[in-house]
Each structure stands twice: as structure tokens, then as C-alpha cells.
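Novice: Okay, so here is query-v6.txt, and as you'll see once you scroll down, it has compact mmCIF, C-alpha atoms.
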```
# COMPACT_ATOMS: atom_id res chain seq x y z
CA MET A 560 78.52 278.66 105.56
CA SER A 561 74.94 279.39 106.61
CA SER A 562 73.41 276.95 109.08
CA ASP A 563 70.39 276.66 106.81
CA THR A 564 72.35 275.61 103.73
CA ALA A 565 70.27 273.31 101.54
CA GLN A 566 71.06 269.66 102.19
CA PRO A 567 69.49 266.46 100.81
CA ARG A 568 66.84 265.13 103.17
CA GLN A 569 64.12 262.50 102.95
CA TYR A 570 60.53 263.36 103.71
CA LEU A 571 58.80 261.26 106.36
CA PRO A 572 55.02 261.33 106.87
CA ARG A 573 53.78 262.79 110.14
CA GLY A 574 53.16 260.24 112.85
CA GLU A 575 49.65 261.55 113.45
CA ASP A 576 48.79 260.68 109.83
CA PHE A 577 49.98 257.07 110.09
CA LEU A 578 46.47 255.56 109.95
CA LEU A 579 45.30 257.94 107.22
CA LEU A 580 47.99 257.59 104.57
CA SER A 581 47.34 257.38 100.85
CA PRO A 582 48.38 254.20 99.00
CA SER A 583 51.39 256.11 97.67
CA TRP A 584 52.81 256.52 101.18
CA GLN A 585 51.69 253.37 102.98
CA ALA A 586 54.51 251.06 101.90
CA TYR A 587 57.18 253.68 102.57
CA ALA A 588 55.85 254.46 106.04
CA TYR A 589 55.23 250.84 107.05
CA ARG A 590 58.86 249.88 106.43
CA ASN A 591 60.21 253.06 108.07
CA VAL A 592 58.29 253.05 111.36
CA ASP A 593 61.52 253.40 113.32
CA ARG A 594 62.29 256.67 111.53
CA ILE A 595 58.84 258.14 112.26
CA PHE A 596 58.36 257.06 115.88
CA ALA A 597 60.57 256.48 118.91
CA THR A 598 61.45 252.78 119.26
CA ARG A 599 63.26 250.28 121.49
CA ALA A 600 65.06 247.22 120.14
CA ILE A 601 63.95 243.66 120.82
CA ALA A 602 67.35 241.95 120.70
CA ARG A 603 67.88 238.71 118.82
CA GLY A 604 70.12 235.94 120.12
CA GLU A 605 73.39 234.57 118.80
CA ALA A 606 71.94 232.09 116.32
CA ALA A 607 68.78 232.04 114.22
CA PHE A 608 66.34 229.14 114.37
CA PRO A 609 66.99 227.33 111.07
CA LEU A 610 64.09 227.19 108.65
CA ALA A 611 64.29 224.49 106.02
CA ARG A 612 63.25 225.16 102.43
CA GLY A 613 60.92 222.62 100.91
CA PRO A 614 59.23 222.30 97.52
CA GLU A 615 57.52 225.56 96.60
CA ILE A 616 53.76 225.54 96.43
CA ALA A 617 51.82 227.38 93.73
CA PRO A 618 48.26 227.72 95.04
CA ASP A 619 45.57 228.83 92.60
CA TYR A 620 42.23 230.13 93.84
CA GLN A 621 38.87 230.74 92.20
CA LEU A 622 37.16 234.07 92.78
CA GLY A 623 34.76 236.14 90.72
CA GLY A 624 34.60 233.52 87.99
CA ALA A 625 38.36 233.65 87.39
CA LEU A 626 41.39 231.59 88.41
CA HIS A 627 44.14 233.50 90.24
CA GLY A 628 47.66 232.49 91.22
CA VAL A 629 50.22 233.69 93.77
CA GLU A 630 51.35 236.68 91.71
CA ASP A 631 47.72 237.68 91.15
CA TYR A 632 47.10 237.55 94.90
CA ILE A 633 50.13 239.72 95.59
CA HIS A 634 49.09 242.28 92.97
CA ARG A 635 45.36 242.31 93.72
CA THR A 636 45.75 242.71 97.49
CA ASN A 637 48.87 244.91 97.65
CA VAL A 638 51.04 242.33 99.40
CA ALA A 639 54.51 243.37 100.55
CA GLY A 640 55.49 240.10 102.22
CA LEU A 641 54.08 236.57 102.04
CA LEU A 642 55.37 233.54 103.92
CA VAL A 643 53.95 230.02 104.24
CA LEU A 644 55.47 227.63 106.78
CA GLN A 645 54.58 223.97 107.05
CA GLY A 646 56.12 223.23 110.41
CA ASP A 647 59.65 224.61 110.24
CA THR A 648 59.79 224.37 106.44
CA ILE A 649 59.29 227.34 104.12
CA ARG A 650 56.94 226.44 101.28
CA LEU A 651 56.47 229.97 99.88
CA GLU A 652 58.23 233.31 100.43
CA ARG A 653 57.62 236.50 98.46
CA TYR A 654 58.50 240.21 98.77
CA GLY A 655 57.17 243.35 97.09
CA LEU A 656 56.49 247.07 97.55
CA GLY A 657 60.08 247.73 98.60
CA LEU A 658 60.15 245.17 101.43
CA GLU A 659 63.32 243.06 101.66
CA GLU A 660 64.29 240.08 103.78
CA GLN A 661 66.10 242.09 106.46
CA LEU A 662 63.69 245.05 106.64
CA ARG A 663 61.23 245.37 109.52
CA TRP A 664 57.61 246.01 108.52
CA SER A 665 55.00 247.53 110.78
CA SER A 666 53.09 244.88 112.68
CA MET A 667 50.20 247.28 113.19
CA SER A 668 47.88 245.49 115.64
CA MET A 669 49.41 242.05 115.10
CA ILE A 670 51.67 242.95 118.02
CA LYS A 671 48.62 242.86 120.33
CA SER A 672 48.61 239.07 120.05
CA LEU A 673 52.37 238.82 120.62
CA THR A 674 52.19 241.14 123.65
CA SER A 675 49.30 239.12 125.11
CA THR A 676 51.49 236.01 124.83
CA LEU A 677 53.89 237.71 127.24
CA VAL A 678 51.06 237.83 129.78
CA GLY A 679 51.20 234.05 129.77
CA ALA A 680 54.96 234.18 130.30
CA ALA A 681 54.53 236.63 133.20
CA LEU A 682 51.95 234.33 134.79
CA LYS A 683 54.34 231.41 134.41
CA ASP A 684 57.09 233.51 136.03
CA GLY A 685 54.80 234.61 138.87
CA ALA A 686 55.20 238.30 137.97
CA ILE A 687 51.42 238.45 137.44
CA ALA A 688 49.60 236.55 140.16
CA SER A 689 46.25 236.08 138.41
CA LEU A 690 44.37 237.17 135.30
CA ASP A 691 41.65 238.35 137.65
CA ASP A 692 43.91 240.88 139.37
CA PRO A 693 42.78 244.51 138.92
CA VAL A 694 44.84 246.72 136.63
CA SER A 695 45.49 249.18 139.45
CA ARG A 696 47.36 246.49 141.43
CA TYR A 697 50.18 246.88 138.90
CA LEU A 698 49.48 250.41 137.62
CA PRO A 699 48.57 252.64 140.60
CA ALA A 700 48.49 255.61 138.20
CA LEU A 701 45.17 254.26 136.87
CA ALA A 702 43.56 253.98 140.30
CA GLY A 703 40.37 256.02 140.35
CA SER A 704 39.96 255.88 136.56
CA ALA A 705 37.62 253.63 134.58
CA TYR A 706 40.48 251.11 134.43
CA ASP A 707 40.43 250.73 138.23
CA ALA A 708 37.59 248.20 137.86
CA VAL A 709 39.21 246.39 134.92
CA SER A 710 41.06 243.07 135.34
CA VAL A 711 44.00 241.71 133.35
CA ARG A 712 41.61 239.17 131.83
CA THR A 713 39.22 241.82 130.53
CA LEU A 714 42.16 243.73 129.06
CA ILE A 715 43.36 240.79 126.97
CA THR A 716 39.84 239.97 125.79
CA MET A 717 38.97 243.55 124.73
CA SER A 718 36.11 243.73 127.21
CA SER A 719 37.27 246.49 129.54
CA GLY A 720 33.91 248.24 129.15
CA VAL A 721 35.46 251.67 128.62
CA ASP A 722 34.05 254.11 126.09
CA TRP A 723 36.83 253.94 123.48
CA ASN A 724 36.40 255.11 119.85
CA GLU A 725 38.54 253.15 117.35
CA ASP A 726 37.34 255.04 114.24
CA TYR A 727 40.43 255.54 112.06
CA THR A 728 38.71 258.05 109.79
CA ASP A 729 37.69 260.39 112.65
CA ARG A 730 40.53 262.78 113.53
CA THR A 731 39.04 263.32 116.99
CA SER A 732 38.61 259.62 117.86
CA HIS A 733 40.53 258.13 120.75
CA VAL A 734 42.68 256.06 118.41
CA ASN A 735 43.73 259.10 116.38
CA ARG A 736 44.38 261.16 119.53
CA TYR A 737 46.55 258.25 120.65
CA SER A 738 48.26 258.25 117.24
CA LYS A 739 48.95 262.00 117.43
CA SER A 740 50.42 261.62 120.92
CA LEU A 741 52.78 258.97 119.58
CA GLY A 742 53.71 261.11 116.60
CA ASP A 743 54.41 264.08 118.87
CA LYS A 744 56.32 261.79 121.29
CA VAL A 745 54.54 263.19 124.33
CA ALA A 746 55.88 261.60 127.53
CA GLY A 747 52.95 260.25 129.55
CA GLY A 748 50.51 261.36 126.86
CA VAL A 749 48.91 257.99 126.19
CA LEU A 750 48.52 257.12 129.87
CA ALA A 751 46.85 260.50 130.41
CA LEU A 752 44.48 259.69 127.55
CA MET A 753 43.68 256.31 129.12
CA ARG A 754 42.94 257.95 132.48
CA SER A 755 40.45 260.25 130.76
CA VAL A 756 38.38 257.50 129.12
CA ARG A 757 35.10 256.95 130.95
CA GLY A 758 33.51 253.61 131.81
CA LEU A 759 30.56 252.62 129.63
CA HIS A 760 29.75 248.97 130.46
CA PRO A 761 30.63 246.58 133.29
CA PRO A 762 33.99 244.94 132.44
CA GLY A 763 33.97 241.46 130.95
CA HIS A 764 30.57 241.47 129.26
CA ARG A 765 30.96 243.18 125.88
CA PHE A 766 33.65 242.96 123.23
CA ASN A 767 34.84 246.35 121.99
CA TYR A 768 38.05 246.51 120.00
CA ASN A 769 40.33 248.94 121.82
CA THR A 770 43.96 249.67 121.01
CA GLY A 771 44.17 251.59 124.28
CA ASP A 772 43.48 248.40 126.24
CA THR A 773 46.68 246.89 124.89
CA TYR A 774 48.68 249.99 125.72
CA VAL A 775 47.53 249.54 129.31
CA LEU A 776 48.39 245.83 129.07
CA GLY A 777 51.94 246.60 127.91
CA ALA A 778 52.46 249.13 130.68
CA LEU A 779 51.11 246.62 133.17
CA LEU A 780 53.56 243.97 131.93
CA SER A 781 56.48 246.38 132.32
CA ALA A 782 55.41 247.26 135.86
CA ALA A 783 54.80 243.64 136.86
CA THR A 784 58.07 242.26 135.47
CA GLY A 785 60.24 245.26 136.32
CA GLN A 786 61.58 245.21 132.75
CA THR A 787 60.92 247.11 129.58
CA LEU A 788 58.49 245.29 127.32
CA ALA A 789 61.18 244.99 124.63
CA ASP A 790 63.66 243.43 127.07
CA TYR A 791 61.06 241.00 128.41
CA MET A 792 60.09 239.93 124.88
CA SER A 793 63.77 239.45 124.05
CA ARG A 794 64.57 237.52 127.23
CA LYS A 795 61.54 235.21 127.13
CA ILE A 796 61.11 234.54 123.40
CA TRP A 797 62.98 236.61 120.81
CA SER A 798 66.58 235.79 121.71
CA ARG A 799 65.91 232.30 123.03
CA PHE A 800 63.79 230.97 120.18
CA GLY A 801 66.29 232.22 117.64
CA MET A 802 64.81 235.13 115.71
CA GLU A 803 66.95 236.16 112.76
CA PHE A 804 66.82 239.94 113.16
CA ASP A 805 66.42 242.47 115.93
CA ALA A 806 62.85 243.75 116.09
CA PHE A 807 61.47 246.82 117.86
CA TYR A 808 58.55 248.09 119.87
CA THR A 809 57.33 251.62 119.17
CA LEU A 810 57.51 253.93 122.19
CA GLU A 811 55.12 256.60 123.39
CA SER A 812 58.07 259.03 123.62
CA GLU A 813 61.86 258.99 123.45
CA GLY A 814 62.98 256.48 126.09
CA GLY A 815 59.37 255.99 127.21
CA GLN A 816 56.88 253.17 127.57
CA GLU A 817 56.46 250.67 124.72
CA ILE A 818 53.20 250.62 122.79
CA GLY A 819 51.98 247.09 123.41
CA GLY A 820 49.26 247.14 120.79
CA SER A 821 50.53 248.64 117.53
CA ARG A 822 53.38 249.59 115.20
CA ALA A 823 56.12 247.22 116.28
CA GLY A 824 58.60 246.34 113.53
CA MET A 825 59.64 242.81 112.58
CA ALA A 826 61.05 240.97 109.58
CA LEU A 827 58.80 238.61 107.63
CA ARG A 828 60.51 235.35 108.59
CA ASP A 829 60.58 236.33 112.27
CA PHE A 830 56.81 236.83 112.27
CA GLY A 831 56.77 233.27 110.94
CA ARG A 832 59.11 232.04 113.66
CA PHE A 833 56.80 233.48 116.31
CA GLY A 834 54.02 231.41 114.77
CA LEU A 835 56.34 228.41 114.84
CA PHE A 836 56.97 229.03 118.56
CA LEU A 837 53.21 228.70 119.06
CA LEU A 838 52.95 225.61 116.85
CA GLY A 839 55.47 224.04 119.21
CA GLY A 840 53.28 224.76 122.22
CA GLY A 841 55.31 227.72 123.49
CA VAL A 842 58.28 225.51 124.45
CA ILE A 843 61.93 226.52 123.95
CA ALA A 844 64.73 223.99 124.41
CA GLY A 845 62.38 221.77 126.37
CA GLU A 846 61.24 224.55 128.73
CA PRO A 847 57.59 225.64 128.69
CA ILE A 848 57.49 229.46 128.47
CA LEU A 849 53.71 229.60 128.91
CA PRO A 850 51.41 228.08 131.54
CA GLU A 851 49.83 224.72 130.81
CA GLY A 852 46.70 225.19 128.70
CA TRP A 853 47.51 228.82 127.86
CA LEU A 854 47.37 228.44 124.08
CA ASP A 855 44.12 226.50 124.19
CA ALA A 856 42.59 229.30 126.26
CA ALA A 857 44.15 232.07 124.17
CA GLY A 858 42.85 230.48 120.97
CA SER A 859 39.32 229.82 122.22
CA ARG A 860 36.29 231.96 121.39
CA VAL A 861 35.89 233.99 124.58
CA PHE A 862 33.57 236.16 122.50
CA ALA A 863 31.69 234.95 119.42
CA LEU A 864 31.72 237.53 116.62
CA ASP A 865 29.91 238.17 113.38
CA PRO A 866 32.64 237.89 110.68
CA ALA A 867 31.07 240.84 108.87
CA THR A 868 31.91 243.17 111.77
CA ASN A 869 35.71 242.90 111.59
CA SER A 870 38.23 243.41 108.81
CA TYR A 871 39.67 239.90 109.02
CA GLY A 872 36.41 237.96 108.96
CA ALA A 873 36.96 236.26 112.33
CA ASP A 874 34.08 234.58 114.12
CA GLY A 875 35.59 234.86 117.59
CA TYR A 876 38.10 236.61 119.85
CA GLY A 877 40.33 235.06 122.50
CA TYR A 878 43.29 236.41 124.45
CA SER A 879 43.99 239.22 121.97
CA TRP A 880 43.86 236.65 119.15
CA TRP A 881 41.18 236.69 116.48
CA ILE A 882 39.74 233.25 115.75
CA ASP A 883 39.39 232.16 112.14
CA PRO A 884 36.19 230.27 111.30
CA ASP A 885 38.44 227.22 110.77
CA GLY A 886 39.64 227.49 114.39
CA ALA A 887 43.10 228.95 113.70
CA MET A 888 44.54 231.76 115.85
CA VAL A 889 45.12 234.99 113.91
CA ALA A 890 47.05 238.11 114.80
CA SER A 891 45.49 240.77 112.59
CA GLY A 892 46.57 244.33 111.96
CA PHE A 893 45.48 247.47 110.16
CA ALA A 894 45.72 247.51 106.34
CA GLY A 895 46.01 243.75 105.92
CA GLN A 896 48.71 242.46 108.27
CA THR A 897 48.01 238.87 109.39
CA LEU A 898 49.78 236.06 111.23
CA TYR A 899 47.68 232.92 110.79
CA VAL A 900 48.61 230.05 113.13
CA ASN A 901 46.82 226.78 112.46
CA ARG A 902 47.99 224.41 115.19
CA ARG A 903 45.84 221.54 113.92
CA GLU A 904 47.31 221.66 110.42
CA ASN A 905 50.84 222.69 111.57
CA VAL A 906 50.74 225.70 109.21
CA VAL A 907 51.71 229.37 109.59
CA ILE A 908 50.84 232.02 106.99
CA VAL A 909 52.20 235.56 107.31
CA THR A 910 50.87 238.32 105.08
CA LEU A 911 52.18 241.91 105.17
CA SER A 912 50.11 244.28 103.08
CA CYS A 913 49.05 247.81 102.16
CA HIS A 914 45.29 247.63 101.86
CA PRO A 915 44.05 251.08 100.79
CA GLN A 916 42.03 252.92 103.43
CA PRO A 917 39.17 255.44 103.14
CA PRO A 918 38.68 257.48 101.09
CA PHE A 919 41.04 255.67 98.68
CA ALA A 920 39.56 252.18 99.22
CA ALA A 921 36.28 253.13 97.52
CA SER A 922 37.97 253.49 94.15
CA TYR A 923 39.98 250.30 94.55
CA GLY A 924 37.00 247.94 94.53
CA MET A 925 38.63 244.83 96.00
CA ASP A 926 37.02 242.41 98.48
CA PHE A 927 40.09 241.75 100.60
CA LYS A 928 38.34 239.29 102.92
CA ALA A 929 37.17 237.15 100.02
CA GLU A 930 40.65 237.20 98.46
CA ARG A 931 42.32 236.27 101.75
CA PHE A 932 40.02 233.35 102.51
CA ALA A 933 40.12 231.98 98.96
CA PHE A 934 43.92 232.12 98.93
CA LYS A 935 44.16 230.56 102.41
CA ARG A 936 41.96 227.65 101.35
CA ALA A 937 44.12 227.11 98.27
CA VAL A 938 47.28 227.08 100.41
CA LEU A 939 45.85 224.54 102.85
CA ASP A 940 44.63 222.37 99.96
CA GLN A 941 48.12 222.33 98.43
CA LEU A 942 49.77 221.44 101.71
```
Reformat the file's structure so that it appears as C-alpha cells.
Specialist:
Amino acid sequence: MSSDTAQPRQYLPRGEDFLLLSPSWQAYAYRNVDRIFATRAIARGEAAFPLARGPEIAPDYQLGGALHGVEDYIHRTNVAGLLVLQGDTIRLERYGLGLEEQLRWSSMSMIKSLTSTLVGAALKDGAIASLDDPVSRYLPALAGSAYDAVSVRTLITMSSGVDWNEDYTDRTSHVNRYSKSLGDKVAGGVLALMRSVRGLHPPGHRFNYNTGDTYVLGALLSAATGQTLADYMSRKIWSRFGMEFDAFYTLESEGGQEIGGSRAGMALRDFGRFGLFLLGGGVIAGEPILPEGWLDAAGSRVFALDPATNSYGADGYGYSWWIDPDGAMVASGFAGQTLYVNRRENVVIVTLSCHPQPPFAASYGMDFKAERFAFKRAVLDQL
């Protein structure tokens, strides 16, 4: 039999196109990240943290002169997964667009906030001595580059001062060159890209959203702890808190460094459990995993922002957390992924979505920010 005999195979989008997919391919790609990119498992523990199921809420919200319900919100904003936790109690859980309870959906940039939480754990462990340490103390490969003058603190606050282009529609932008390197699984490719980025401003003075900063942060964490990022996440939080499913970090290449800032894969309820871990002050079985005051600092407005300048509508940025105008901490990712953690109200809202991107968004005509905030207000009112 010929070696090229026709066999059934599934088509997978190219990794370099991941940020540029049409609405037809978004949902398929977002729940198949581990088939497109190299990954490393974040292992769960023996038992899952039990989530109770309480009375289901049915929030209605007013927008554009019309009243909309949960199903309208899901349909209008292309929601694949929706979870509302009031403490450890599920008050709403929905799936669509092919997502199922056990499937891992792409975190996109939500993972930035989860990775930054590990910085707190590494400080608590003594693996990182100070947030004001220079990057090159832990990553000698970046000595002599623009990152030589950058501290851990300026990495987690997106104020490294480097000249990074995060334009998803520009094929030649830094973020798309990064995406192509991941898709091609080039060993050392992303670190080489980070070495090439020039300094533009003094570190610590200007906010500039930079996925590359969080790649450097993840590599720094691995070097400081002597563990893979996936293993450290598992050992400190994932297995101990009781996540229900294994998760994964995307890797730069087969067996290579984890990508600390994008494309991790996690199940809907486990995103919620991470939020619950934060609601509980970052304590597991009576042991603080994070330094005292870490969450207050992480959730403070290190930089004040104009809500019109970011896709979520945040008015501040902390330790790789966006800050909602109501003061909640938000992990936000490309195409509508959000983990909303309101410590004051004891509420977590997870939304996994497929917001259409340019040029497709122009014909869709939906104000996703307005929908999100109107629905959020309705949820909080019902709770």
C-alpha cells in the first residue's frame, strides 16, 4: 500500500493565524489549542474542590431600548462558557459553541493574571527576593538587552518601557511575530525576539500592554524556582486547591519554555475555582500561598486607564490584573475571555467567548463592552 494512501484527517488552523481567525474557525481553534501548539500539563490533584449548586439566577438587562436575558447575552456576544459563582456556590452555568464541561478553552491573555499570581507565590517561597530585582538577575540571557534595565515589578505592571507592538491586525507586529514563532515551534524563538526589542521609555513610567513582557515573566519564574511553570502552578495552586481537570500551558516549542501570557487551556469551572482561590485570600488548607497584602496590591490601580482604550473597559491596571470601574480584579483575554473576581461582593464571573475580530467585527455591529457591563450589573443585582 502506498505511504500516501488517503486517510481521514482533521484540518487545524495554522498557529500563526490564531489571532486572525474568522468567526467560523474561532470556536474550533479555541477548544483545540493543545492540537495546534506544543503544551505542558498542569496536573490536578486527587480530589476536586466541591462547588455547591444553588438556586439559578436569571438576570435580565436593558440595552438599546430592549430587555435581554441570559440566552440573549449568550447569542448576542458569542459566549461559549458562562459561570457565576457566589462564594463556592454555582448560581449559573452555561455552555455553547461546542464547549463542554471537561473541555479546555483557550485562556488567551487571562493566563497573564494567573501567571502573575505565581510571582506572589515565588516571593513567599523566597525564590524571588524582591519585585525590584532586575530581570537579568534571573535571566542572564537578557543581559545587555532592553530588558536588562527592567525589574520584576515593571514586568507585572506592563511598564517595561520597551518598544513592543501589540497590533493583532498587523502581520509584522511583534505580537504576530511571536504568534508565528509559537506556531512554528521554534526553540528559543520568542526569547530571541525579546532580546531584539529596543527600549523606548524608562521602565516603570508608562503603561504599554505587552504580551512579550509576560513571556519574560514566565521564563523568569521558571529560572527562579528551578521548575517548569506548569509544575510550579500545579504544586502551588492547581493540585492543592482542588481543580477538577488537568490544564495546560502552551509552550514556545516541543518540550520548551511555557508561554506565561497567552493560550493556556482550562475548563470553565476551574477558571472559576481560581477566582474562588482569590476570594479566599490565596489561602489553601489554612496556609497562605501569597505574601500578606499581595492581593490588595495586585488589585490596586498601579496605572489609571481610560476605559475607552482597552477592550474590557477597565479604568486601571495592577499586577497583570485589569481593574473594573467597580474595583473588581479582572483577567481579560483576546476575543472576550474574562475572569471577574469581586472580592467585596464575594462573586466570580467567568465568560469564555468568540468575539469576532477585524475585518469580520465591522459587519457584526455589537458593542461587546456595553453588553458585558449591562449583564454584569444584572448579575450583581440578582445576587
Novice: Can you pull out the residues contacting Ala586 of chain A? Cut-off 12 Å, using all atoms listed in the file, and skip same-chain residues under 3 positions away; I want them as a PDB file with C-alpha atoms, in the frame of the given file.
Specialist:
```pdb
ATOM      1  CA  LEU A 571      58.800 261.260 106.360  1.00  0.00           C
ATOM      2  CA  PRO A 572      55.020 261.330 106.870  1.00  0.00           C
ATOM      3  CA  PHE A 577      49.980 257.070 110.090  1.00  0.00           C
ATOM      4  CA  LEU A 580      47.990 257.590 104.570  1.00  0.00           C
ATOM      5  CA  SER A 581      47.340 257.380 100.850  1.00  0.00           C
ATOM      6  CA  PRO A 582      48.380 254.200  99.000  1.00  0.00           C
ATOM      7  CA  SER A 583      51.390 256.110  97.670  1.00  0.00           C
ATOM      8  CA  TYR A 589      55.230 250.840 107.050  1.00  0.00           C
ATOM      9  CA  ARG A 590      58.860 249.880 106.430  1.00  0.00           C
ATOM     10  CA  ASN A 591      60.210 253.060 108.070  1.00  0.00           C
ATOM     11  CA  VAL A 592      58.290 253.050 111.360  1.00  0.00           C
ATOM     12  CA  ASN A 637      48.870 244.910  97.650  1.00  0.00           C
ATOM     13  CA  VAL A 638      51.040 242.330  99.400  1.00  0.00           C
ATOM     14  CA  ALA A 639      54.510 243.370 100.550  1.00  0.00           C
ATOM     15  CA  GLY A 640      55.490 240.100 102.220  1.00  0.00           C
ATOM     16  CA  TYR A 654      58.500 240.210  98.770  1.00  0.00           C
ATOM     17  CA  GLY A 655      57.170 243.350  97.090  1.00  0.00           C
ATOM     18  CA  LEU A 656      56.490 247.070  97.550  1.00  0.00           C
ATOM     19  CA  GLY A 657      60.080 247.730  98.600  1.00  0.00           C
ATOM     20  CA  LEU A 658      60.150 245.170 101.430  1.00  0.00           C
ATOM     21  CA  GLU A 659      63.320 243.060 101.660  1.00  0.00           C
ATOM     22  CA  LEU A 662      63.690 245.050 106.640  1.00  0.00           C
ATOM     23  CA  ARG A 663      61.230 245.370 109.520  1.00  0.00           C
ATOM     24  CA  TRP A 664      57.610 246.010 108.520  1.00  0.00           C
ATOM     25  CA  SER A 665      55.000 247.530 110.780  1.00  0.00           C
ATOM     26  CA  ALA A 894      45.720 247.510 106.340  1.00  0.00           C
ATOM     27  CA  GLY A 895      46.010 243.750 105.920  1.00  0.00           C
ATOM     28  CA  LEU A 911      52.180 241.910 105.170  1.00  0.00           C
ATOM     29  CA  SER A 912      50.110 244.280 103.080  1.00  0.00           C
ATOM     30  CA  CYS A 913      49.050 247.810 102.160  1.00  0.00           C
ATOM     31  CA  HIS A 914      45.290 247.630 101.860  1.00  0.00           C
ATOM     32  CA  PRO A 915      44.050 251.080 100.790  1.00  0.00           C
TER      33      PRO A 915
END
```
Novice: Work out how far atom CA of Val749 of chain A is from atom CA of Ser891 of chain A, in Å to one decimal.
Specialist: 22.2 Å
Novice: Can you pull out every residue within 8 Å of Ala680 of chain A, counting all atoms listed in the file, but drop anything in the same chain fewer than 2 positions away, and send it as a ChimeraX atom specification?
Specialist: /A:676-678,682-684,795,848-850
Novice: Tell me which protein, DNA and RNA residues are within 10 Å of Ala606 of chain A, counting all atoms listed in the file, leaving out same-chain ones fewer than 2 positions away, and put them as a tab-separated table (two decimals) with C-alpha atoms, in the coordinates of the input.
Specialist:
```
chain	number	residue	atom	x	y	z
A	603	ARG	CA	67.88	238.71	118.82
A	604	GLY	CA	70.12	235.94	120.12
A	608	PHE	CA	66.34	229.14	114.37
A	609	PRO	CA	66.99	227.33	111.07
A	798	SER	CA	66.58	235.79	121.71
A	799	ARG	CA	65.91	232.30	123.03
A	800	PHE	CA	63.79	230.97	120.18
A	801	GLY	CA	66.29	232.22	117.64
A	802	MET	CA	64.81	235.13	115.71
A	803	GLU	CA	66.95	236.16	112.76
A	804	PHE	CA	66.82	239.94	113.16
```
Novice: Can you tell me which residues surround Pro866 of chain A at a distance of at most 9 Å, considering all atoms listed in the file, apart from same-chain residues fewer than 6 positions away, and format the answer as a ChimeraX atom specification?
Specialist: /A:872-875,883-884
Novice: Quick one: pull the distance between atom CA of Val745 of chain A and atom CA of Glu813 of chain A, Å, one decimal.
Specialist: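 Atom CA of Val745 of chain A sits 8.5 Å away from atom CA of Glu813 of chain A.
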Novice: Would you list the contacts of segment 817-831 of chain A as a PDB file with C-alpha atoms, in the coordinates of the input, taking every protein, DNA or RNA residue within 7 Å and counting all atoms listed in the file, but skipping same-chain residues closer than 5 positions in sequence?
Specialist:
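Final file, out35.pdb:
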```pdb
ATOM      1  CA  GLY A 640      55.490 240.100 102.220  1.00  0.00           C
ATOM      2  CA  GLU A 660      64.290 240.080 103.780  1.00  0.00           C
ATOM      3  CA  GLN A 661      66.100 242.090 106.460  1.00  0.00           C
ATOM      4  CA  LEU A 662      63.690 245.050 106.640  1.00  0.00           C
ATOM      5  CA  ARG A 663      61.230 245.370 109.520  1.00  0.00           C
ATOM      6  CA  TRP A 664      57.610 246.010 108.520  1.00  0.00           C
ATOM      7  CA  SER A 665      55.000 247.530 110.780  1.00  0.00           C
ATOM      8  CA  SER A 666      53.090 244.880 112.680  1.00  0.00           C
ATOM      9  CA  MET A 667      50.200 247.280 113.190  1.00  0.00           C
ATOM     10  CA  SER A 668      47.880 245.490 115.640  1.00  0.00           C
ATOM     11  CA  ILE A 670      51.670 242.950 118.020  1.00  0.00           C
ATOM     12  CA  LYS A 671      48.620 242.860 120.330  1.00  0.00           C
ATOM     13  CA  THR A 674      52.190 241.140 123.650  1.00  0.00           C
ATOM     14  CA  THR A 770      43.960 249.670 121.010  1.00  0.00           C
ATOM     15  CA  THR A 773      46.680 246.890 124.890  1.00  0.00           C
ATOM     16  CA  TYR A 774      48.680 249.990 125.720  1.00  0.00           C
ATOM     17  CA  LEU A 776      48.390 245.830 129.070  1.00  0.00           C
ATOM     18  CA  GLY A 777      51.940 246.600 127.910  1.00  0.00           C
ATOM     19  CA  LEU A 788      58.490 245.290 127.320  1.00  0.00           C
ATOM     20  CA  MET A 802      64.810 235.130 115.710  1.00  0.00           C
ATOM     21  CA  GLU A 803      66.950 236.160 112.760  1.00  0.00           C
ATOM     22  CA  PHE A 804      66.820 239.940 113.160  1.00  0.00           C
ATOM     23  CA  ALA A 806      62.850 243.750 116.090  1.00  0.00           C
ATOM     24  CA  PHE A 807      61.470 246.820 117.860  1.00  0.00           C
ATOM     25  CA  TYR A 808      58.550 248.090 119.870  1.00  0.00           C
ATOM     26  CA  THR A 809      57.330 251.620 119.170  1.00  0.00           C
ATOM     27  CA  LEU A 810      57.510 253.930 122.190  1.00  0.00           C
ATOM     28  CA  GLU A 811      55.120 256.600 123.390  1.00  0.00           C
ATOM     29  CA  VAL A 907      51.710 229.370 109.590  1.00  0.00           C
ATOM     30  CA  VAL A 909      52.200 235.560 107.310  1.00  0.00           C
TER      31      VAL A 909
END
```
Novice: Quick one, how far is atom CA of Lys935 of chain A from atom CA of Thr648 of chain A?
Specialist: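 Here the two named atoms are 17.3 Å from each other.
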Novice: Which of these residues is nearest to Gly646 of chain A, using all atoms listed in the file: A:Met753, A:Leu837, A:Ala890, A:Ala600?
Specialist: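 Of all the options, A:Leu837 lies closest to Gly646 of chain A.
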Novice: Measuring between all atoms listed in the file, which one of A:Arg730, A:Arg794, A:Arg594, A:Arg635 shows the shortest distance to Leu622 of chain A?
Specialist: A:Arg635
Novice: Nearest residue to Thr716 of chain A out of A:Lys928, A:His764, A:His733, A:Arg653, using only C-alpha atoms?
Specialist: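 Closest to Thr716 of chain A of all the choices is A:His764.
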Novice: At a cut-off of 9 Å from (33.8, 256.4, 133.0) in the coordinates of the file, what residues are picked up using only C-alpha atoms, written as a tab-separated table (two decimals) with C-alpha atoms, in the frame of the given file?
Specialist:
```tsv
chain	number	residue	atom	x	y	z
A	704	SER	CA	39.96	255.88	136.56
A	705	ALA	CA	37.62	253.63	134.58
A	706	TYR	CA	40.48	251.11	134.43
A	721	VAL	CA	35.46	251.67	128.62
A	722	ASP	CA	34.05	254.11	126.09
A	755	SER	CA	40.45	260.25	130.76
A	756	VAL	CA	38.38	257.50	129.12
A	757	ARG	CA	35.10	256.95	130.95
A	758	GLY	CA	33.51	253.61	131.81
A	759	LEU	CA	30.56	252.62	129.63
A	760	HIS	CA	29.75	248.97	130.46
```
Novice: Using all atoms listed in the file, pick whichever of A:Ala856, A:Ala887, A:Ala746, A:Leu579 has the shortest atom-to-atom distance to Gly815 of chain A.
Specialist: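 Of the candidates, the smallest distance to Gly815 of chain A is held by A:Ala746.
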